[in-house]
>>> print(open('structure07.csv').read())   # CSV, C-alpha atoms (C1' of nucleotides)
chain,number,residue,atom,x,y,z
A,10,MET,CA,75.3,-67.9,85.7
A,11,ARG,CA,77.1,-67.6,88.9
A,12,GLN,CA,80.9,-67.6,89.2
A,13,THR,CA,82.4,-70.9,90.2
A,14,VAL,CA,85.2,-71.2,92.7
A,15,ASP,CA,88.6,-72.1,91.3
A,16,LEU,CA,91.0,-73.6,93.7
A,17,SER,CA,93.8,-74.3,91.2
A,18,CYS,CA,96.4,-71.9,92.4
A,19,SER,CA,95.9,-70.7,95.9
A,20,PRO,CA,97.6,-73.4,98.0
A,21,PRO,CA,95.9,-74.2,101.3
A,22,ALA,CA,99.1,-73.1,103.0
A,23,ASP,CA,98.4,-69.5,102.1
A,24,ALA,CA,94.9,-69.7,103.4
A,25,GLN,CA,96.1,-71.3,106.7
A,26,GLN,CA,98.7,-68.7,107.1
A,27,ALA,CA,96.3,-65.9,106.4
A,28,LEU,CA,93.8,-67.3,108.9
A,29,ALA,CA,96.4,-67.6,111.6
A,30,ARG,CA,97.5,-64.1,111.0
A,31,ALA,CA,93.9,-62.8,111.1
A,32,GLU,CA,93.4,-64.7,114.3
A,33,THR,CA,96.4,-63.0,115.9
A,34,LEU,CA,95.5,-59.5,114.7
A,35,CYS,CA,91.9,-59.8,115.8
A,36,GLN,CA,92.9,-61.0,119.2
A,37,GLN,CA,95.4,-58.1,119.6
A,38,ARG,CA,92.6,-55.7,118.7
A,39,GLY,CA,89.9,-57.2,120.7
A,40,ALA,CA,87.9,-57.8,117.5
A,41,ARG,CA,85.8,-60.9,117.3
A,42,LEU,CA,86.7,-63.2,114.5
A,43,THR,CA,83.6,-65.4,114.7
A,44,ASP,CA,83.0,-68.7,113.0
A,45,LEU,CA,81.1,-67.1,110.2
A,46,ARG,CA,83.7,-64.4,109.6
A,47,ARG,CA,86.6,-66.8,109.8
A,48,ARG,CA,84.8,-69.1,107.3
A,49,VAL,CA,84.2,-66.2,104.9
A,50,LEU,CA,87.8,-65.2,105.1
A,51,GLU,CA,88.8,-68.9,104.5
A,52,ILE,CA,86.5,-69.1,101.4
A,53,ILE,CA,88.1,-66.0,100.0
A,54,TRP,CA,91.6,-67.3,100.6
A,55,ASN,CA,90.8,-70.7,99.2
A,56,SER,CA,89.9,-69.2,95.9
A,57,ALA,CA,92.5,-68.5,93.2
A,58,THR,CA,90.6,-65.5,92.1
A,59,PRO,CA,88.6,-62.8,93.9
A,60,LEU,CA,85.0,-63.8,94.7
A,61,GLY,CA,81.7,-61.9,94.6
A,62,ALA,CA,79.5,-61.8,97.6
A,63,TYR,CA,76.9,-64.1,96.2
A,64,THR,CA,79.5,-66.7,95.2
A,65,ILE,CA,80.6,-66.7,98.8
A,66,LEU,CA,77.0,-67.0,99.9
A,67,ASP,CA,76.7,-70.1,97.7
A,68,VAL,CA,79.6,-71.7,99.4
A,69,LEU,CA,78.2,-70.9,102.8
A,70,ARG,CA,75.0,-72.6,101.8
A,71,ASP,CA,76.9,-75.6,100.5
A,72,ASP,CA,78.4,-75.8,104.0
A,73,GLY,CA,74.9,-76.3,105.2
A,74,ARG,CA,74.7,-72.9,106.8
A,75,GLN,CA,71.7,-70.6,106.7
A,76,GLY,CA,72.3,-67.4,105.1
A,77,ALA,CA,71.1,-64.5,103.1
A,78,PRO,CA,72.9,-61.6,101.4
A,79,PRO,CA,73.3,-59.6,104.6
A,80,THR,CA,75.0,-62.5,106.3
A,81,VAL,CA,77.8,-62.3,103.8
A,82,TYR,CA,77.9,-58.5,103.5
A,83,ARG,CA,78.2,-58.1,107.2
A,84,ALA,CA,81.1,-60.5,107.4
A,85,LEU,CA,82.7,-58.8,104.5
A,86,ASP,CA,82.3,-55.4,106.2
A,87,PHE,CA,84.0,-56.7,109.3
A,88,LEU,CA,86.9,-58.2,107.3
A,89,LEU,CA,87.2,-54.9,105.3
A,90,ALA,CA,87.3,-52.9,108.5
A,91,GLN,CA,90.0,-55.1,109.9
A,92,GLY,CA,92.0,-54.7,106.7
A,93,LEU,CA,91.9,-58.5,106.2
A,94,ILE,CA,90.5,-58.3,102.7
A,95,HIS,CA,90.2,-55.7,99.9
A,96,ARG,CA,87.2,-54.9,97.7
A,97,LEU,CA,87.9,-54.5,94.0
A,98,ALA,CA,85.5,-51.8,93.0
A,99,SER,CA,85.8,-52.4,89.3
A,100,LEU,CA,84.6,-56.0,89.6
A,101,ASN,CA,82.5,-56.0,92.8
A,102,VAL,CA,84.7,-58.8,94.2
A,103,PHE,CA,86.7,-59.4,97.3
A,104,THR,CA,90.2,-60.7,97.7
A,105,GLY,CA,92.5,-61.5,100.7
A,106,CYS,CA,94.9,-58.9,101.8
A,107,ARG,CA,98.5,-60.0,101.5
A,108,ARG,CA,99.8,-57.5,104.1
A,109,PRO,CA,97.2,-57.2,106.8
A,110,GLY,CA,98.2,-55.4,110.0
A,111,SER,CA,99.1,-52.2,108.2
A,112,TYR,CA,95.9,-50.8,106.9
A,113,HIS,CA,96.4,-49.8,103.3
A,114,SER,CA,94.3,-49.5,100.2
A,115,GLY,CA,96.5,-51.4,97.8
A,116,GLN,CA,97.2,-51.3,94.1
A,117,PHE,CA,95.9,-54.2,92.0
A,118,LEU,CA,96.7,-55.8,88.7
A,119,ILE,CA,93.7,-57.7,87.6
A,120,CYS,CA,93.9,-60.2,84.7
A,121,ARG,CA,90.9,-59.9,82.4
A,122,ASP,CA,91.3,-63.5,81.2
A,123,CYS,CA,92.1,-65.6,84.2
A,124,GLY,CA,90.8,-63.2,86.9
A,125,ARG,CA,93.9,-63.5,89.1
A,126,VAL,CA,95.0,-60.5,91.0
A,127,SER,CA,98.4,-59.2,92.0
A,128,GLU,CA,98.6,-56.7,94.9
A,129,LEU,CA,101.4,-54.2,94.5
A,130,SER,CA,102.5,-51.7,97.0
A,131,ASN,CA,104.7,-49.2,95.2
A,132,PRO,CA,105.4,-46.4,97.7
A,133,ALA,CA,106.3,-44.1,94.8
A,134,ILE,CA,102.8,-44.3,93.4
A,135,ASP,CA,101.4,-43.5,96.8
A,136,GLU,CA,103.7,-40.6,97.1
A,137,LEU,CA,102.8,-39.2,93.7
A,138,LEU,CA,99.2,-39.4,94.4
A,139,ARG,CA,99.8,-37.9,97.8
A,140,ALA,CA,101.7,-35.0,96.2
A,141,GLU,CA,99.0,-34.4,93.8
A,142,THR,CA,96.2,-34.4,96.3
A,143,ASP,CA,98.2,-32.3,98.8
A,144,ALA,CA,98.8,-29.7,96.1
A,145,ARG,CA,95.1,-29.4,95.7
A,146,GLY,CA,94.2,-29.4,99.3
A,147,PHE,CA,92.3,-32.6,98.8
A,148,GLU,CA,92.0,-35.0,101.8
A,149,VAL,CA,92.4,-38.6,100.8
A,150,LEU,CA,90.1,-41.2,102.4
A,151,ALA,CA,90.4,-44.1,100.0
A,152,PRO,CA,92.6,-44.3,97.0
A,153,ILE,CA,91.6,-46.9,94.5
A,154,VAL,CA,94.1,-48.2,91.9
A,155,GLU,CA,93.0,-51.1,89.8
A,156,ILE,CA,94.7,-51.9,86.6
A,157,LEU,CA,92.7,-54.2,84.4
A,158,GLY,CA,94.8,-56.1,81.8
A,159,ARG,CA,96.3,-59.4,80.9
A,160,CYS,CA,98.8,-61.2,83.0
A,161,PRO,CA,102.0,-62.8,81.6
A,162,ASP,CA,100.6,-66.3,81.7
A,163,CYS,CA,97.5,-65.4,79.7
A,164,LEU,CA,99.6,-63.4,77.3
A,165,GLU,CA,101.8,-66.3,76.6
A,166,GLU,CA,98.8,-68.6,76.4
A,167,SER,CA,97.2,-66.5,73.8
A,168,ALA,CA,100.4,-66.1,71.9
A,169,ARG,CA,100.8,-69.9,71.6
A,170,HIS,CA,97.2,-70.6,70.6
A,171,GLY,CA,94.7,-68.3,69.0
B,5,MET,CA,65.6,-42.3,96.9
B,6,ARG,CA,67.1,-41.5,93.6
B,7,GLN,CA,69.9,-39.0,93.1
B,8,THR,CA,68.7,-35.6,92.0
B,9,VAL,CA,70.5,-33.5,89.4
B,10,ASP,CA,72.5,-30.6,90.8
B,11,LEU,CA,73.2,-27.9,88.2
B,12,SER,CA,74.8,-25.5,90.6
B,13,CYS,CA,78.3,-25.5,89.3
B,14,SER,CA,78.5,-26.8,85.7
B,15,PRO,CA,77.9,-23.7,83.6
B,16,PRO,CA,76.0,-24.3,80.4
B,17,ALA,CA,79.0,-22.9,78.6
B,18,ASP,CA,81.0,-26.0,79.5
B,19,ALA,CA,78.2,-28.3,78.3
B,20,GLN,CA,77.8,-26.4,75.0
B,21,GLN,CA,81.5,-26.5,74.4
B,22,ALA,CA,81.7,-30.2,75.2
B,23,LEU,CA,78.8,-31.0,72.9
B,24,ALA,CA,80.4,-29.0,70.1
B,25,ARG,CA,83.6,-30.9,70.6
B,26,ALA,CA,81.8,-34.2,70.6
B,27,GLU,CA,80.0,-33.3,67.4
B,28,THR,CA,83.3,-32.6,65.7
B,29,LEU,CA,85.1,-35.7,66.9
B,30,CYS,CA,82.2,-38.0,65.9
B,31,GLN,CA,82.0,-36.4,62.5
B,32,GLN,CA,85.8,-36.9,62.0
B,33,ARG,CA,85.4,-40.5,63.0
B,34,GLY,CA,82.3,-41.3,61.2
B,35,ALA,CA,80.6,-42.1,64.4
B,36,ARG,CA,76.9,-41.3,64.7
B,37,LEU,CA,76.1,-38.9,67.6
B,38,THR,CA,72.4,-39.4,67.5
B,39,ASP,CA,69.8,-37.3,69.2
B,40,LEU,CA,69.6,-39.7,72.1
B,41,ARG,CA,73.4,-40.0,72.5
B,42,ARG,CA,73.8,-36.2,72.3
B,43,ARG,CA,71.0,-35.7,74.8
B,44,VAL,CA,72.6,-38.2,77.3
B,45,LEU,CA,75.9,-36.4,76.9
B,46,GLU,CA,74.2,-33.1,77.5
B,47,ILE,CA,72.5,-34.4,80.6
B,48,ILE,CA,75.8,-35.6,82.0
B,49,TRP,CA,77.5,-32.3,81.3
B,50,ASN,CA,74.7,-30.2,82.7
B,51,SER,CA,75.2,-31.9,86.1
B,52,ALA,CA,77.6,-30.6,88.6
B,53,THR,CA,78.3,-34.1,89.8
B,54,PRO,CA,78.5,-37.5,88.0
B,55,LEU,CA,75.2,-39.2,87.4
B,56,GLY,CA,74.1,-42.8,87.6
B,57,ALA,CA,72.4,-44.5,84.7
B,58,TYR,CA,69.0,-44.5,86.3
B,59,THR,CA,69.2,-40.8,87.1
B,60,ILE,CA,69.9,-40.1,83.5
B,61,LEU,CA,67.0,-42.3,82.6
B,62,ASP,CA,64.7,-40.2,84.9
B,63,VAL,CA,65.8,-37.1,83.1
B,64,LEU,CA,65.1,-38.7,79.7
B,65,ARG,CA,61.6,-39.6,80.9
B,66,ASP,CA,61.1,-36.1,82.1
B,67,ASP,CA,61.9,-35.0,78.6
B,68,GLY,CA,58.9,-37.1,77.5
B,69,ARG,CA,61.0,-39.7,75.9
B,70,GLN,CA,60.4,-43.4,76.0
B,71,GLY,CA,63.1,-45.4,77.6
B,72,ALA,CA,64.2,-48.3,79.6
B,73,PRO,CA,67.6,-49.1,81.1
B,74,PRO,CA,69.1,-50.4,77.9
B,75,THR,CA,68.3,-47.1,76.3
B,76,VAL,CA,70.6,-45.4,78.6
B,77,TYR,CA,73.3,-48.1,78.9
B,78,ARG,CA,73.6,-48.3,75.1
B,79,ALA,CA,74.0,-44.5,74.8
B,80,LEU,CA,76.6,-44.6,77.6
B,81,ASP,CA,78.5,-47.5,76.0
B,82,PHE,CA,78.7,-45.4,72.8
B,83,LEU,CA,80.0,-42.3,74.7
B,84,LEU,CA,82.5,-44.4,76.6
B,85,ALA,CA,83.7,-46.0,73.4
B,86,GLN,CA,84.2,-42.6,71.9
B,87,GLY,CA,86.0,-41.4,75.0
B,88,LEU,CA,83.5,-38.7,75.6
B,89,ILE,CA,82.7,-39.8,79.1
B,90,HIS,CA,84.3,-41.7,81.9
B,91,ARG,CA,82.8,-44.3,84.2
B,92,LEU,CA,83.7,-44.1,87.9
B,93,ALA,CA,83.7,-47.7,88.9
B,94,SER,CA,83.8,-46.9,92.6
B,95,LEU,CA,80.4,-45.1,92.4
B,96,ASN,CA,78.8,-46.5,89.3
B,97,VAL,CA,78.4,-43.1,87.8
B,98,PHE,CA,79.3,-41.3,84.7
B,99,THR,CA,81.0,-38.0,84.1
B,100,GLY,CA,82.0,-36.0,81.1
B,101,CYS,CA,85.6,-36.3,79.8
B,102,ARG,CA,87.5,-33.0,79.9
B,103,ARG,CA,90.0,-34.1,77.3
B,104,PRO,CA,88.2,-36.1,74.7
B,105,GLY,CA,90.0,-36.8,71.5
B,106,SER,CA,92.9,-38.4,73.1
B,107,TYR,CA,91.5,-41.6,74.5
B,108,HIS,CA,92.7,-42.0,78.1
B,109,SER,CA,91.6,-43.5,81.3
B,110,GLY,CA,91.9,-40.6,83.6
B,111,GLN,CA,92.7,-40.2,87.3
B,112,PHE,CA,89.9,-38.9,89.5
B,113,LEU,CA,89.5,-37.1,92.8
B,114,ILE,CA,86.0,-37.7,94.1
B,115,CYS,CA,84.6,-35.7,97.0
B,116,ARG,CA,82.7,-37.9,99.4
B,117,ASP,CA,80.7,-34.9,100.6
B,118,CYS,CA,79.7,-32.8,97.6
B,119,GLY,CA,80.2,-35.5,95.0
B,120,ARG,CA,82.2,-33.3,92.6
B,121,VAL,CA,85.0,-34.8,90.7
B,122,SER,CA,88.3,-33.4,89.4
B,123,GLU,CA,90.0,-35.2,86.6
B,124,LEU,CA,93.8,-35.2,86.8
B,125,SER,CA,96.2,-36.2,84.2
B,126,ASN,CA,99.5,-36.6,85.8
B,127,PRO,CA,101.9,-38.3,83.3
B,128,ALA,CA,104.2,-39.3,86.1
B,129,ILE,CA,101.5,-41.4,87.6
B,130,ASP,CA,100.9,-43.1,84.3
B,131,GLU,CA,104.6,-43.7,83.8
B,132,LEU,CA,105.0,-45.2,87.2
B,133,LEU,CA,102.1,-47.5,86.6
B,134,ARG,CA,103.5,-48.3,83.2
B,135,ALA,CA,106.9,-49.1,84.7
B,136,GLU,CA,105.4,-51.4,87.3
B,137,THR,CA,103.3,-53.3,84.8
B,138,ASP,CA,106.1,-53.5,82.2
B,139,ALA,CA,108.4,-55.0,84.8
B,140,ARG,CA,105.9,-57.7,85.5
B,141,GLY,CA,105.1,-58.4,81.8
B,142,PHE,CA,101.5,-57.3,82.5
B,143,GLU,CA,99.6,-55.8,79.5
B,144,VAL,CA,97.5,-52.8,80.6
B,145,LEU,CA,94.0,-52.5,79.2
B,146,ALA,CA,92.2,-50.1,81.6
B,147,PRO,CA,93.9,-48.4,84.5
B,148,ILE,CA,91.5,-47.2,87.1
B,149,VAL,CA,92.7,-44.5,89.5
B,150,GLU,CA,89.9,-43.0,91.7
B,151,ILE,CA,90.7,-41.2,94.9
B,152,LEU,CA,87.8,-40.9,97.3
B,153,GLY,CA,88.2,-38.1,99.8
B,154,ARG,CA,87.1,-34.5,100.6
B,155,CYS,CA,87.6,-31.5,98.4
B,156,PRO,CA,89.1,-28.2,99.8
B,157,ASP,CA,85.6,-26.5,99.7
B,158,CYS,CA,84.0,-29.2,101.8
B,159,LEU,CA,87.0,-29.3,104.2
B,160,GLU,CA,86.7,-25.6,104.8
B,161,GLU,CA,83.0,-25.9,105.1
B,162,SER,CA,83.3,-28.6,107.8
B,163,ALA,CA,86.0,-26.6,109.6
B,164,ARG,CA,83.7,-23.6,109.8
B,165,HIS,CA,80.7,-25.4,111.0
B,166,GLY,CA,80.4,-28.9,112.5
C,23,DT,C1',71.3,-64.5,136.7
C,24,DA,C1',69.7,-60.3,134.7
C,25,DA,C1',70.8,-56.6,131.7
C,26,DT,C1',73.2,-55.0,127.9
C,27,DA,C1',75.5,-55.2,123.7
C,28,DA,C1',77.0,-57.7,119.6
C,29,DA,C1',76.2,-60.8,116.1
C,30,DT,C1',73.2,-63.4,113.1
C,31,DG,C1',68.7,-64.7,111.0
C,32,DT,C1',65.0,-63.3,108.0
C,33,DT,C1',62.1,-60.8,104.7
C,34,DA,C1',61.7,-57.4,101.5
C,35,DT,C1',63.3,-54.0,98.6
C,36,DT,C1',66.4,-50.8,96.0
C,37,DC,C1',69.9,-50.1,92.7
C,38,DT,C1',72.9,-51.5,88.8
C,39,DA,C1',73.3,-53.9,84.5
C,40,DT,C1',72.3,-57.0,80.7
C,41,DA,C1',69.9,-60.8,77.8
C,42,DA,C1',66.8,-61.4,74.2
C,43,DC,C1',63.9,-60.2,70.8
C,44,DA,C1',61.0,-56.7,68.1
C,45,DT,C1',60.7,-52.5,65.5
C,46,DA,C1',62.3,-48.4,63.4
C,47,DA,C1',65.8,-45.5,61.1
C,48,DC,C1',69.5,-45.1,58.0
C,49,DA,C1',73.2,-45.9,54.2
C,50,DG,C1',74.6,-47.6,50.1
C,51,DA,C1',73.9,-50.7,45.7
C,52,DG,C1',71.3,-51.4,42.0
D,30,DC,C1',63.5,-44.6,44.3
D,31,DT,C1',63.5,-49.1,46.2
D,32,DC,C1',65.6,-53.0,48.0
D,33,DT,C1',68.7,-54.7,51.3
D,34,DG,C1',71.7,-55.1,55.0
D,35,DT,C1',73.2,-52.5,59.0
D,36,DT,C1',72.8,-49.8,62.9
D,37,DA,C1',70.0,-47.8,66.4
D,38,DT,C1',66.2,-47.9,69.4
D,39,DG,C1',62.0,-49.9,71.8
D,40,DT,C1',60.4,-53.4,75.0
D,41,DT,C1',60.0,-57.1,78.3
D,42,DA,C1',62.1,-59.7,81.5
D,43,DT,C1',65.7,-61.0,84.4
D,44,DA,C1',70.3,-61.3,86.6
D,45,DG,C1',73.4,-59.4,89.9
D,46,DA,C1',74.9,-56.3,93.8
D,47,DA,C1',73.8,-54.1,98.1
D,48,DT,C1',71.1,-52.5,101.9
D,49,DA,C1',66.9,-51.4,105.1
D,50,DA,C1',64.3,-52.9,108.8
D,51,DC,C1',63.1,-55.8,112.2
D,52,DA,C1',63.4,-60.5,114.9
D,53,DT,C1',66.2,-63.6,117.2
D,54,DT,C1',70.1,-65.5,119.1
D,55,DT,C1',74.6,-65.4,121.3
D,56,DA,C1',78.1,-63.3,124.0
D,57,DT,C1',79.7,-60.0,127.8
D,58,DT,C1',79.7,-58.1,132.0
D,59,DA,C1',77.6,-56.1,135.9
>>> encode(input="structure07.csv", output="structure tokens")
Amino acid sequence: MRQTVDLSCSPPADAQQALARAETLCQQRGARLTDLRRRVLEIIWNSATPLGAYTILDVLRDDGRQGAPPTVYRALDFLLAQGLIHRLASLNVFTGCRRPGSYHSGQFLICRDCGRVSELSNPAIDELLRAETDARGFEVLAPIVEILGRCPDCLEESARHG
Amino acid sequence: MRQTVDLSCSPPADAQQALARAETLCQQRGARLTDLRRRVLEIIWNSATPLGAYTILDVLRDDGRQGAPPTVYRALDFLLAQGLIHRLASLNVFTGCRRPGSYHSGQFLICRDCGRVSELSNPAIDELLRAETDARGFEVLAPIVEILGRCPDCLEESARHG
DNA sequence: TAATAAATGTTATTCTATAACATAACAGAG
DNA sequence: CTCTGTTATGTTATAGAATAACATTTATTA
């Protein structure tokens, strides 16, 4: 069964702000934030949890749009290239970037229970990784840091009940 | 086209040692390292680079064994549970664990060009991540640290030629 | 407006992973 | 040793993620 979209905790304000920011950035860069790409970004931001490509496709189809997997993946590729979203490799899902503008790879805390994601940016972690790779003469292209676990809310929840 | 198995840099000695170690650990734990599971572990260790599940399946079939995807995935699940291999989420591949016995999640440097992987274990990185998650009341289940980049050999190679 | 480039539509396929159920191998109790 | 329950493996089918290849449309600019 396909993932459903949970809007419970991502206020539209966030989405609107993110879209406005994206608009500005793309304009500055001469990148074309088309209807489709904007809509995909909006779908991602409207969701409380990261979405898979096929879930996004379902929403597009609900919009009445035509679409096949490449439709979504191409839009996602664009948004990734612009640093407007991140891909979580461990779950094959996509989430809006909280700090677009400065390209970065991000560090993520992913809750196993509710699926929500926090994006950290701890420079010390970056520096340590950098030191480690420098020492080995390894050139970094894409660092991936994804911590799967349980968020405070879900911990408390499971403490109260079962 | 399916991945092919490159034996060029993983001396059989490593594999033999890893298998012996696995044997011992499983015996201590009362876990059953069956023919199939041992063979899958051996296939992984005999390869210079991490292997995908379907590549492993191909090798099993070359052995003359019967097999379907679940055959491989079940063996991999066992080896993962025993901490004898790691899964690299960013590439959907599996690699032998260099320090089995102490369950750990590992930090990996993955070369984009040659596909080889170095497993780090920098306690400082673990500690930083731990501090960050503790501060947020987030319970860690599975930290994933995978750095995609280019290894020294491939950097030198590309400096000499193209 | 014509020529070019960029974006999207469309069909098919590849790769990754698991569900569900059948059969076989094994370990311990009697 | 045999029965019995458990664990492991065989087997078929399907779900889920991603891309290849080519057609068509939309935008840009010369």
>>> interface_residues(input="structure07.csv", of="chain B", to="chain D", cutoff="8 Å", atoms="all atoms listed in the file", output="list in words")
Gln70, Gly71, Ala72 and Thr75 of chain B
>>> closest_atom_pairs(input="structure07.csv", of="range 43-134 of chain A", to="range 28-51 of chain C", cutoff="12 Å", atoms="only C-alpha atoms (C1' of nucleotides)", output="tab-separated table")
residue	atom	partner	partner_atom	distance
A:Thr43	CA	C:DA29	C1'	8.8
A:Asp44	CA	C:DA29	C1'	10.9
A:Leu45	CA	C:DT30	C1'	9.2
A:Arg46	CA	C:DA29	C1'	10.6
A:Arg74	CA	C:DG31	C1'	11.0
A:Gln75	CA	C:DG31	C1'	7.9
A:Gly76	CA	C:DG31	C1'	7.4
A:Ala77	CA	C:DT32	C1'	7.9
A:Pro78	CA	C:DT32	C1'	10.4
A:Pro79	CA	C:DT30	C1'	9.3
A:Thr80	CA	C:DT30	C1'	7.1
A:Val81	CA	C:DT30	C1'	10.4
A:Tyr82	CA	C:DT30	C1'	11.8
A:Arg83	CA	C:DT30	C1'	9.4
A:Ala84	CA	C:DA29	C1'	10.0
A:Phe87	CA	C:DA29	C1'	11.1
A:Asn101	CA	C:DT38	C1'	11.3
>>> interface_residues(input="structure07.csv", of="chain A", to="chain B", cutoff="6 Å", atoms="only C-alpha atoms", output="PDB file with C-alpha atoms, keeping the file's coordinate frame")
ATOM      1  CA  ALA A  98      85.500 -51.800  93.000  1.00  0.00           C
ATOM      2  CA  SER A  99      85.800 -52.400  89.300  1.00  0.00           C
ATOM      3  CA  GLY A 146      94.200 -29.400  99.300  1.00  0.00           C
ATOM      4  CA  PHE A 147      92.300 -32.600  98.800  1.00  0.00           C
ATOM      5  CA  GLU A 148      92.000 -35.000 101.800  1.00  0.00           C
ATOM      6  CA  VAL A 149      92.400 -38.600 100.800  1.00  0.00           C
ATOM      7  CA  LEU A 150      90.100 -41.200 102.400  1.00  0.00           C
ATOM      8  CA  ALA A 151      90.400 -44.100 100.000  1.00  0.00           C
ATOM      9  CA  PRO A 152      92.600 -44.300  97.000  1.00  0.00           C
ATOM     10  CA  ILE A 153      91.600 -46.900  94.500  1.00  0.00           C
ATOM     11  CA  VAL A 154      94.100 -48.200  91.900  1.00  0.00           C
ATOM     12  CA  GLU A 155      93.000 -51.100  89.800  1.00  0.00           C
ATOM     13  CA  ILE A 156      94.700 -51.900  86.600  1.00  0.00           C
ATOM     14  CA  LEU A 157      92.700 -54.200  84.400  1.00  0.00           C
ATOM     15  CA  GLY A 158      94.800 -56.100  81.800  1.00  0.00           C
ATOM     16  CA  ARG A 159      96.300 -59.400  80.900  1.00  0.00           C
ATOM     17  CA  CYS A 160      98.800 -61.200  83.000  1.00  0.00           C
ATOM     18  CA  PRO A 161     102.000 -62.800  81.600  1.00  0.00           C
TER      19      PRO A 161
END
>>> atom_distance(input="structure07.csv", atom1="CA of Arg91 in chain B", atom2="CA of Trp49 in chain B")
13.4 Å
>>> atom_distance(input="structure07.csv", atom1="CA of Thr59 in chain B", atom2="CA of Leu23 in chain B")
19.7 Å
>>> closest_residue(input="structure07.csv", among="B:Arg33, B:Asp18, B:Asp81, B:Cys13", to="chain C", atoms="all atoms listed in the file")
B:Asp81
>>> atom_distance(input="structure07.csv", atom1="CA of Glu161 in chain B", atom2="CA of Cys101 in chain B")
27.5 Å
>>> closest_residue(input="structure07.csv", among="A:Leu89, A:Cys35, A:Val14, A:Leu42", to="chain C", atoms="only C-alpha atoms (C1' of nucleotides)")
A:Leu42
>>> decode(input="structure07.csv", residues="range 112-124 of chain A", atoms="N, CA, C and O atoms", output="PDB file, in the first residue's frame")
ATOM      1  N   TYR A 112      24.210  25.589  -0.734  1.00  0.00           N
ATOM      2  CA  TYR A 112      24.167  24.157  -1.023  1.00  0.00           C
ATOM      3  C   TYR A 112      24.842  23.415   0.124  1.00  0.00           C
ATOM      4  O   TYR A 112      25.912  23.793   0.566  1.00  0.00           O
ATOM      5  N   HIS A 113      24.205  22.391   0.586  1.00  0.00           N
ATOM      6  CA  HIS A 113      24.791  21.595   1.663  1.00  0.00           C
ATOM      7  C   HIS A 113      24.120  20.238   1.644  1.00  0.00           C
ATOM      8  O   HIS A 113      23.062  20.065   1.037  1.00  0.00           O
ATOM      9  N   SER A 114      24.736  19.301   2.329  1.00  0.00           N
ATOM     10  CA  SER A 114      24.211  17.950   2.246  1.00  0.00           C
ATOM     11  C   SER A 114      23.317  17.609   3.430  1.00  0.00           C
ATOM     12  O   SER A 114      22.430  16.789   3.327  1.00  0.00           O
ATOM     13  N   GLY A 115      23.539  18.279   4.552  1.00  0.00           N
ATOM     14  CA  GLY A 115      22.620  18.090   5.660  1.00  0.00           C
ATOM     15  C   GLY A 115      22.840  16.835   6.481  1.00  0.00           C
ATOM     16  O   GLY A 115      23.474  15.879   6.036  1.00  0.00           O
ATOM     17  N   GLN A 116      22.338  16.904   7.695  1.00  0.00           N
ATOM     18  CA  GLN A 116      22.396  15.775   8.618  1.00  0.00           C
ATOM     19  C   GLN A 116      20.974  15.622   9.141  1.00  0.00           C
ATOM     20  O   GLN A 116      20.350  16.594   9.535  1.00  0.00           O
ATOM     21  N   PHE A 117      20.485  14.397   9.149  1.00  0.00           N
ATOM     22  CA  PHE A 117      19.068  14.202   9.414  1.00  0.00           C
ATOM     23  C   PHE A 117      18.788  13.234  10.548  1.00  0.00           C
ATOM     24  O   PHE A 117      19.428  12.184  10.651  1.00  0.00           O
ATOM     25  N   LEU A 118      17.841  13.618  11.383  1.00  0.00           N
ATOM     26  CA  LEU A 118      17.301  12.720  12.390  1.00  0.00           C
ATOM     27  C   LEU A 118      15.923  12.280  11.907  1.00  0.00           C
ATOM     28  O   LEU A 118      15.032  13.111  11.732  1.00  0.00           O
ATOM     29  N   ILE A 119      15.787  10.996  11.697  1.00  0.00           N
ATOM     30  CA  ILE A 119      14.549  10.474  11.119  1.00  0.00           C
ATOM     31  C   ILE A 119      13.837   9.608  12.143  1.00  0.00           C
ATOM     32  O   ILE A 119      14.423   8.640  12.639  1.00  0.00           O
ATOM     33  N   CYS A 120      12.596   9.940  12.455  1.00  0.00           N
ATOM     34  CA  CYS A 120      11.866   9.140  13.431  1.00  0.00           C
ATOM     35  C   CYS A 120      11.237   7.923  12.762  1.00  0.00           C
ATOM     36  O   CYS A 120      10.466   8.056  11.812  1.00  0.00           O
ATOM     37  N   ARG A 121      11.573   6.786  13.306  1.00  0.00           N
ATOM     38  CA  ARG A 121      11.069   5.532  12.758  1.00  0.00           C
ATOM     39  C   ARG A 121       9.557   5.437  12.908  1.00  0.00           C
ATOM     40  O   ARG A 121       8.871   4.842  12.081  1.00  0.00           O
ATOM     41  N   ASP A 122       9.034   6.023  13.993  1.00  0.00           N
ATOM     42  CA  ASP A 122       7.615   5.852  14.302  1.00  0.00           C
ATOM     43  C   ASP A 122       6.722   6.840  13.564  1.00  0.00           C
ATOM     44  O   ASP A 122       5.759   6.449  12.933  1.00  0.00           O
ATOM     45  N   CYS A 123       7.031   8.135  13.654  1.00  0.00           N
ATOM     46  CA  CYS A 123       6.138   9.116  13.029  1.00  0.00           C
ATOM     47  C   CYS A 123       6.663   9.578  11.673  1.00  0.00           C
ATOM     48  O   CYS A 123       5.944  10.219  10.916  1.00  0.00           O
ATOM     49  N   GLY A 124       7.905   9.249  11.353  1.00  0.00           N
ATOM     50  CA  GLY A 124       8.438   9.578  10.034  1.00  0.00           C
ATOM     51  C   GLY A 124       8.934  11.005   9.904  1.00  0.00           C
ATOM     52  O   GLY A 124       9.475  11.369   8.869  1.00  0.00           O
TER      53      GLY A 124
END
